[in-house]
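Shown next: query-v4.cif, containing mmCIF, C-alpha atoms.
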```cif
data_protein
#
loop_
_atom_site.group_PDB
_atom_site.id
_atom_site.type_symbol
_atom_site.label_atom_id
_atom_site.label_comp_id
_atom_site.auth_asym_id
_atom_site.auth_seq_id
_atom_site.Cartn_x
_atom_site.Cartn_y
_atom_site.Cartn_z
ATOM 1 C CA MET A 10 118.232 98.028 96.613
ATOM 2 C CA THR A 11 116.385 101.168 97.589
ATOM 3 C CA THR A 12 116.737 104.593 96.018
ATOM 4 C CA ALA A 13 118.645 105.695 99.127
ATOM 5 C CA ASP A 14 121.195 102.891 98.581
ATOM 6 C CA ALA A 15 121.690 103.550 94.857
ATOM 7 C CA THR A 16 124.593 105.484 93.458
ATOM 8 C CA GLY A 17 124.134 108.303 90.978
ATOM 9 C CA ALA A 18 125.275 106.033 88.144
ATOM 10 C CA GLU A 19 122.814 103.299 89.177
ATOM 11 C CA LEU A 20 119.952 105.793 89.305
ATOM 12 C CA ARG A 21 120.843 107.199 85.879
ATOM 13 C CA ALA A 22 120.976 103.661 84.445
ATOM 14 C CA ALA A 23 117.614 102.795 86.004
ATOM 15 C CA ASN A 24 116.078 106.030 84.692
ATOM 16 C CA ASP A 25 117.495 105.337 81.226
ATOM 17 C CA THR A 26 115.857 101.890 81.289
ATOM 18 C CA VAL A 27 112.494 103.381 82.294
ATOM 19 C CA VAL A 28 112.643 106.023 79.563
ATOM 20 C CA ALA A 29 113.630 103.417 76.954
ATOM 21 C CA ARG A 30 110.662 101.242 77.975
ATOM 22 C CA MET A 31 108.290 104.203 77.765
ATOM 23 C CA PHE A 32 109.443 105.061 74.249
ATOM 24 C CA ALA A 33 109.299 101.407 73.150
ATOM 25 C CA ALA A 34 105.760 100.909 74.476
ATOM 26 C CA ASP A 35 102.966 100.624 71.932
ATOM 27 C CA PRO A 36 99.711 101.215 73.842
ATOM 28 C CA VAL A 37 96.372 100.428 72.249
ATOM 29 C CA LEU A 38 92.919 100.935 73.732
ATOM 30 C CA GLU A 39 91.511 97.449 73.358
ATOM 31 C CA ALA A 40 88.195 97.424 75.180
ATOM 32 C CA VAL A 41 85.888 98.955 77.739
ATOM 33 C CA THR A 42 84.555 96.587 80.370
ATOM 34 C CA SER A 43 83.840 96.388 84.080
ATOM 35 C CA LEU A 44 86.778 96.097 86.440
ATOM 36 C CA ARG A 45 85.275 92.781 87.574
ATOM 37 C CA GLU A 46 85.611 91.385 84.040
ATOM 38 C CA ALA A 47 89.040 92.924 83.460
ATOM 39 C CA VAL A 48 90.514 91.768 86.783
ATOM 40 C CA PRO A 49 88.623 88.670 87.941
ATOM 41 C CA SER A 50 91.040 88.230 90.875
ATOM 42 C CA LEU A 51 89.741 91.452 92.476
ATOM 43 C CA PRO A 52 87.861 90.572 95.678
ATOM 44 C CA GLU A 53 84.197 91.678 95.524
ATOM 45 C CA ASN A 54 84.569 93.458 98.886
ATOM 46 C CA MET A 55 87.557 95.537 97.763
ATOM 47 C CA VAL A 56 87.702 99.182 96.756
ATOM 48 C CA LEU A 57 90.839 100.294 94.944
ATOM 49 C CA THR A 58 92.328 103.708 95.564
ATOM 50 C CA SER A 59 95.404 105.635 94.460
ATOM 51 C CA GLY A 60 98.555 105.781 96.492
ATOM 52 C CA PRO A 61 100.736 103.086 97.999
ATOM 53 C CA PRO A 62 99.327 99.999 99.686
ATOM 54 C CA SER A 63 98.133 101.254 103.066
ATOM 55 C CA ALA A 64 96.534 99.959 106.229
ATOM 56 C CA GLN A 65 92.914 101.076 106.678
ATOM 57 C CA GLU A 66 93.851 103.479 109.473
ATOM 58 C CA GLU A 67 96.119 105.381 107.070
ATOM 59 C CA PHE A 68 93.197 106.425 104.850
ATOM 60 C CA ARG A 69 91.966 109.841 105.965
ATOM 61 C CA GLY A 70 89.698 112.677 104.889
ATOM 62 C CA GLY A 71 88.346 112.594 101.369
ATOM 63 C CA GLN A 72 90.134 109.394 100.466
ATOM 64 C CA ARG A 73 88.607 107.510 103.415
ATOM 65 C CA ARG A 74 85.161 108.940 102.644
ATOM 66 C CA ALA A 75 85.588 107.918 98.996
ATOM 67 C CA VAL A 76 86.399 104.322 99.982
ATOM 68 C CA CYS A 77 83.334 104.163 102.249
ATOM 69 C CA TYR A 78 81.024 105.799 99.707
ATOM 70 C CA ALA A 79 82.335 103.449 97.014
ATOM 71 C CA ALA A 80 81.231 100.534 99.200
ATOM 72 C CA VAL A 81 77.757 102.072 99.347
ATOM 73 C CA TYR A 82 77.740 102.565 95.560
ATOM 74 C CA GLU A 83 78.785 98.959 95.043
ATOM 75 C CA GLY A 84 76.167 97.632 97.475
ATOM 76 C CA ILE A 85 78.769 96.238 99.874
ATOM 77 C CA ALA A 86 77.359 98.494 102.631
ATOM 78 C CA ARG A 87 74.017 100.272 103.043
ATOM 79 C CA THR A 88 75.422 103.447 104.603
ATOM 80 C CA ALA A 89 78.756 105.234 104.917
ATOM 81 C CA GLU A 90 78.709 104.463 108.638
ATOM 82 C CA GLU A 91 78.263 100.760 107.960
ATOM 83 C CA ALA A 92 81.084 100.919 105.388
ATOM 84 C CA GLU A 93 83.315 102.652 107.952
ATOM 85 C CA ALA A 94 82.677 99.855 110.474
ATOM 86 C CA MET A 95 83.360 97.255 107.777
ATOM 87 C CA LEU A 96 86.611 98.987 106.835
ATOM 88 C CA VAL A 97 87.753 98.973 110.474
ATOM 89 C CA SER A 98 86.774 95.304 110.938
ATOM 90 C CA GLY A 99 88.410 94.191 107.682
ATOM 91 C CA GLU A 100 85.141 93.146 106.008
ATOM 92 C CA LEU A 101 85.700 95.977 103.516
ATOM 93 C CA LEU A 102 89.118 95.958 101.886
ATOM 94 C CA ALA A 103 90.933 98.963 100.449
ATOM 95 C CA GLY A 104 93.637 98.085 97.949
ATOM 96 C CA ALA A 105 96.171 99.995 95.892
ATOM 97 C CA CYS A 106 95.258 100.639 92.252
ATOM 98 C CA GLN A 107 98.745 99.767 91.009
ATOM 99 C CA ASP A 108 98.551 96.286 92.573
ATOM 100 C CA TYR A 109 95.804 95.509 90.037
ATOM 101 C CA GLY A 110 97.234 97.339 87.007
ATOM 102 C CA CYS A 111 94.973 100.362 87.500
ATOM 103 C CA VAL A 112 95.818 104.039 87.210
ATOM 104 C CA GLY A 113 94.434 106.086 90.079
ATOM 105 C CA SER A 114 94.005 109.839 89.997
ATOM 106 C CA LEU A 115 92.906 111.876 93.017
ATOM 107 C CA ALA A 116 91.413 109.269 95.369
ATOM 108 C CA GLY A 117 91.506 106.903 92.380
ATOM 109 C CA ILE A 118 88.370 104.990 93.344
ATOM 110 C CA TYR A 119 87.555 101.732 91.560
ATOM 111 C CA THR A 120 84.916 99.143 92.427
ATOM 112 C CA ALA A 121 84.186 95.857 90.685
ATOM 113 C CA SER A 122 81.204 97.128 88.669
ATOM 114 C CA MET A 123 82.833 100.355 87.463
ATOM 115 C CA PRO A 124 83.798 100.554 83.798
ATOM 116 C CA VAL A 125 87.453 100.716 82.806
ATOM 117 C CA PHE A 126 89.406 101.354 79.640
ATOM 118 C CA VAL A 127 91.587 98.312 78.873
ATOM 119 C CA VAL A 128 94.947 99.266 77.391
ATOM 120 C CA ARG A 129 97.430 96.691 76.076
ATOM 121 C CA ASN A 130 101.074 97.457 75.451
ATOM 122 C CA ARG A 131 101.651 95.576 72.191
ATOM 123 C CA THR A 132 105.407 95.661 72.775
ATOM 124 C CA ASP A 133 105.368 93.573 75.949
ATOM 125 C CA GLY A 134 101.734 92.398 76.181
ATOM 126 C CA ASN A 135 101.090 93.909 79.591
ATOM 127 C CA LEU A 136 97.676 95.375 80.400
ATOM 128 C CA ALA A 137 96.614 98.480 82.300
ATOM 129 C CA TYR A 138 93.208 99.852 83.271
ATOM 130 C CA CYS A 139 91.890 103.364 83.642
ATOM 131 C CA ASN A 140 88.534 104.361 85.069
ATOM 132 C CA PHE A 141 86.229 106.930 83.494
ATOM 133 C CA TYR A 142 86.384 110.630 84.281
ATOM 134 C CA GLU A 143 83.430 111.443 86.524
ATOM 135 C CA GLY A 144 82.863 114.873 85.017
ATOM 136 C CA GLU A 145 83.486 118.508 85.873
ATOM 137 C CA SER A 146 81.379 118.719 89.024
ATOM 138 C CA ARG A 147 83.266 119.273 92.263
ATOM 139 C CA ARG A 148 80.949 116.667 93.770
ATOM 140 C CA ARG A 149 82.600 113.446 92.685
ATOM 141 C CA LEU A 150 83.298 110.126 94.336
ATOM 142 C CA ASN A 151 87.025 110.521 93.751
ATOM 143 C CA TYR A 152 86.823 113.742 95.808
ATOM 144 C CA GLY A 153 85.119 111.862 98.651
ATOM 145 C CA CYS A 154 81.589 113.086 97.841
ATOM 146 C CA TYR A 155 78.502 110.941 97.386
ATOM 147 C CA ASP A 156 74.852 111.830 96.952
ATOM 148 C CA ASP A 157 72.042 111.102 94.481
ATOM 149 C CA GLN A 158 73.673 113.280 91.805
ATOM 150 C CA VAL A 159 77.059 111.542 92.171
ATOM 151 C CA GLU A 160 75.418 108.124 92.058
ATOM 152 C CA ALA A 161 73.392 109.082 88.974
ATOM 153 C CA GLY A 162 76.570 110.201 87.213
ATOM 154 C CA LEU A 163 78.359 106.959 88.070
ATOM 155 C CA ARG A 164 75.378 104.865 86.929
ATOM 156 C CA PHE A 165 75.286 106.838 83.658
ATOM 157 C CA LEU A 166 78.957 106.021 83.070
ATOM 158 C CA GLU A 167 78.401 102.372 83.938
ATOM 159 C CA ARG A 168 75.146 101.746 82.073
ATOM 160 C CA VAL A 169 75.103 104.195 79.147
ATOM 161 C CA LEU A 170 78.437 105.786 78.267
ATOM 162 C CA ALA A 171 80.795 102.828 78.857
ATOM 163 C CA PRO A 172 78.768 100.341 76.757
ATOM 164 C CA MET A 173 78.523 102.889 73.945
ATOM 165 C CA ILE A 174 82.251 103.670 73.955
ATOM 166 C CA GLY A 175 83.063 99.982 74.392
ATOM 167 C CA ALA A 176 81.069 99.120 71.270
ATOM 168 C CA ALA A 177 82.888 101.816 69.299
ATOM 169 C CA VAL A 178 86.297 100.580 70.487
ATOM 170 C CA GLU A 179 85.370 96.999 69.595
ATOM 171 C CA ARG A 180 84.102 98.074 66.186
ATOM 172 C CA SER A 181 87.347 99.968 65.516
ATOM 173 C CA GLY A 182 89.497 96.951 66.342
ATOM 174 C CA GLY A 183 91.398 98.997 68.912
ATOM 175 C CA ILE A 184 92.666 102.548 69.040
ATOM 176 C CA ASP A 185 96.376 103.378 68.877
ATOM 177 C CA LEU A 186 97.089 105.740 71.741
ATOM 178 C CA LYS A 187 100.553 107.083 70.848
ATOM 179 C CA PRO A 188 99.237 109.515 68.187
ATOM 180 C CA ILE A 189 96.671 110.836 70.680
ATOM 181 C CA MET A 190 99.310 111.130 73.396
ATOM 182 C CA ARG A 191 101.702 112.913 71.023
ATOM 183 C CA ARG A 192 99.038 115.428 70.064
ATOM 184 C CA ALA A 193 98.066 116.022 73.694
ATOM 185 C CA VAL A 194 101.676 116.666 74.725
ATOM 186 C CA ASN A 195 102.136 119.054 71.794
ATOM 187 C CA MET A 196 99.015 120.910 72.957
ATOM 188 C CA GLY A 197 100.490 121.359 76.453
ATOM 189 C CA ASP A 198 98.811 118.474 78.294
ATOM 190 C CA GLU A 199 101.315 116.648 80.489
ATOM 191 C CA LEU A 200 99.108 113.512 80.411
#
```
What does this structure look like when you write it as structure tokens?
Amino acid sequence: MTTADATGAELRAANDTVVARMFAADPVLEAVTSLREAVPSLPENMVLTSGPPSAQEEFRGGQRRAVCYAAVYEGIARTAEEAEAMLVSGELLAGACQDYGCVGSLAGIYTASMPVFVVRNRTDGNLAYCNFYEGESRRRLNYGCYDDQVEAGLRFLERVLAPMIGAAVERSGGIDLKPIMRRAVNMGDEL
């Protein structure tokens, strides 16, 4: 059944179920690891991006550039032009974040070597992954930008910050996220 086929009562019931599941969830930050380790089924030649599953020709503008630059970052292609040709030919795959349990903001770019936060819902046991914030610069991969500065920032996240935060999370035994979420909402952050 699609949303268009649903009655008002069916939509209200479905929404009530979703809200009940959200309130029952018990998320805990369990680890920090590479996407490759978190999701071993991810093809090495795939870049994940936000939005629905789409054919390569549907990616445009900054999102398309971000996919191509991510392939360069990952070493799948040597140049953005080579990545573009690989995307067109199908050698480079672009997948939807949600198909792999990932949360994608903006262009939502994930590659296999990028670090992710691993969050487990203790209520149901399901896992979700979130990539690291690239920083305040307007020149970010998830905006479709890539240069030496962007690469250096991504390598810093991958090689310095993620291992440090991962060690702290491991040492803590996991971090309950509901208290942090509650505080953020009370401070005006819509999360």
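Rounded to one decimal, atom CA of A:Gly104 and atom CA of A:Gly84 lie 17.5 Å from each other.
The neighbours of A:Met123 here are the residues that come within 9 Å of it, using only C-alpha atoms and leaving out any residue fewer than 5 positions away in the same chain; they are Thr42, Ser43, Leu44, Arg45, Glu83, Asn140, Phe141, Leu163, Arg164, Leu166 and Glu167 of chain A.
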Can you report as JSON the centre and edge lengths in Å, to one decimal, of an axis-aligned box around the listed atoms of stretch 50-60 of chain A padded with 8 Å on each side?
```
{"center_x": 91.4, "center_y": 97.0, "center_z": 94.9, "size_x": 30.4, "size_y": 33.6, "size_z": 24.0}
```
Review point. Hey, can you check how far atom CA of A:Ala137 sits from atom CA of A:Pro124?
Key: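 Value for the atom CA of A:Ala137-atom CA of A:Pro124 distance: 13.1 Å.
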Practice item. Could you check which of A:Gly117, A:Gly17, A:Leu170, A:Pro49 is closest to A:Arg149, using all atoms listed in the file? Key: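 Using all atoms listed in the file, A:Arg149 sits closest to A:Gly117.
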**Study point:** Residue neighbourhood A:Thr58, 6 Å, all atoms listed in the file, exclusion window fewer than 5 positions, as a ChimeraX atom specification
**Key:** /A:105-106,116-118
**Study point:** Exercise: A:Leu200 partners within 10 Å, all atoms listed in the file, chain neighbours under 4 positions left out, as a PyMOL selection string
**Key:** chain A and resi 190-191+193-194
**Study point:** Who sits within 12 Å of stretch 184-186 of chain A, all atoms listed in the file, same chain under 3 positions skipped, as a PyMOL selection string
**Key:** chain A and resi 34-41+126-131+174-175+177-181+189-193+200
Restricting it to C-alpha atoms, dump the selection as a PDB file, in the frame of the given file.
```pdb
ATOM      1  CA  ALA A  34     105.760 100.909  74.476  1.00  0.00           C
ATOM      2  CA  ASP A  35     102.966 100.624  71.932  1.00  0.00           C
ATOM      3  CA  PRO A  36      99.711 101.215  73.842  1.00  0.00           C
ATOM      4  CA  VAL A  37      96.372 100.428  72.249  1.00  0.00           C
ATOM      5  CA  LEU A  38      92.919 100.935  73.732  1.00  0.00           C
ATOM      6  CA  GLU A  39      91.511  97.449  73.358  1.00  0.00           C
ATOM      7  CA  ALA A  40      88.195  97.424  75.180  1.00  0.00           C
ATOM      8  CA  VAL A  41      85.888  98.955  77.739  1.00  0.00           C
ATOM      9  CA  PHE A 126      89.406 101.354  79.640  1.00  0.00           C
ATOM     10  CA  VAL A 127      91.587  98.312  78.873  1.00  0.00           C
ATOM     11  CA  VAL A 128      94.947  99.266  77.391  1.00  0.00           C
ATOM     12  CA  ARG A 129      97.430  96.691  76.076  1.00  0.00           C
ATOM     13  CA  ASN A 130     101.074  97.457  75.451  1.00  0.00           C
ATOM     14  CA  ARG A 131     101.651  95.576  72.191  1.00  0.00           C
ATOM     15  CA  ILE A 174      82.251 103.670  73.955  1.00  0.00           C
ATOM     16  CA  GLY A 175      83.063  99.982  74.392  1.00  0.00           C
ATOM     17  CA  ALA A 177      82.888 101.816  69.299  1.00  0.00           C
ATOM     18  CA  VAL A 178      86.297 100.580  70.487  1.00  0.00           C
ATOM     19  CA  GLU A 179      85.370  96.999  69.595  1.00  0.00           C
ATOM     20  CA  ARG A 180      84.102  98.074  66.186  1.00  0.00           C
ATOM     21  CA  SER A 181      87.347  99.968  65.516  1.00  0.00           C
ATOM     22  CA  ILE A 189      96.671 110.836  70.680  1.00  0.00           C
ATOM     23  CA  MET A 190      99.310 111.130  73.396  1.00  0.00           C
ATOM     24  CA  ARG A 191     101.702 112.913  71.023  1.00  0.00           C
ATOM     25  CA  ARG A 192      99.038 115.428  70.064  1.00  0.00           C
ATOM     26  CA  ALA A 193      98.066 116.022  73.694  1.00  0.00           C
ATOM     27  CA  LEU A 200      99.108 113.512  80.411  1.00  0.00           C
TER      28      LEU A 200
END
```
Review point. Mind telling me what the PyMOL selection byres ((chain A and resi 144) around 12) catches here, as a VMD selection string?
Key: chain A and resid 140 to 143 145 to 152 158 to 159 161 to 163 165 to 166
Practice item. Would you work out the distance separating atom CA of A:Asp133 from atom CA of A:Pro172, expressed in Å to one decimal? Key: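 Between these atoms lies a distance of 27.5 Å.
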**Study point:** Nearest-residue call for A:Val97, choices A:Ile85, A:Met31, A:Ala64, A:Ala79, using only C-alpha atoms
**Key:**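 Ranking A:Ile85, A:Met31, A:Ala64, A:Ala79 by distance to A:Val97, first place goes to A:Ala64.
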Exercise for review: Enumerate, as a ChimeraX atom specification, the residues matched when the PyMOL selection byres ((chain A and resi 56) around 8) is run on the file above.
Suggested key: /A:54-55,57-58,76,79-80,101-104,118-121
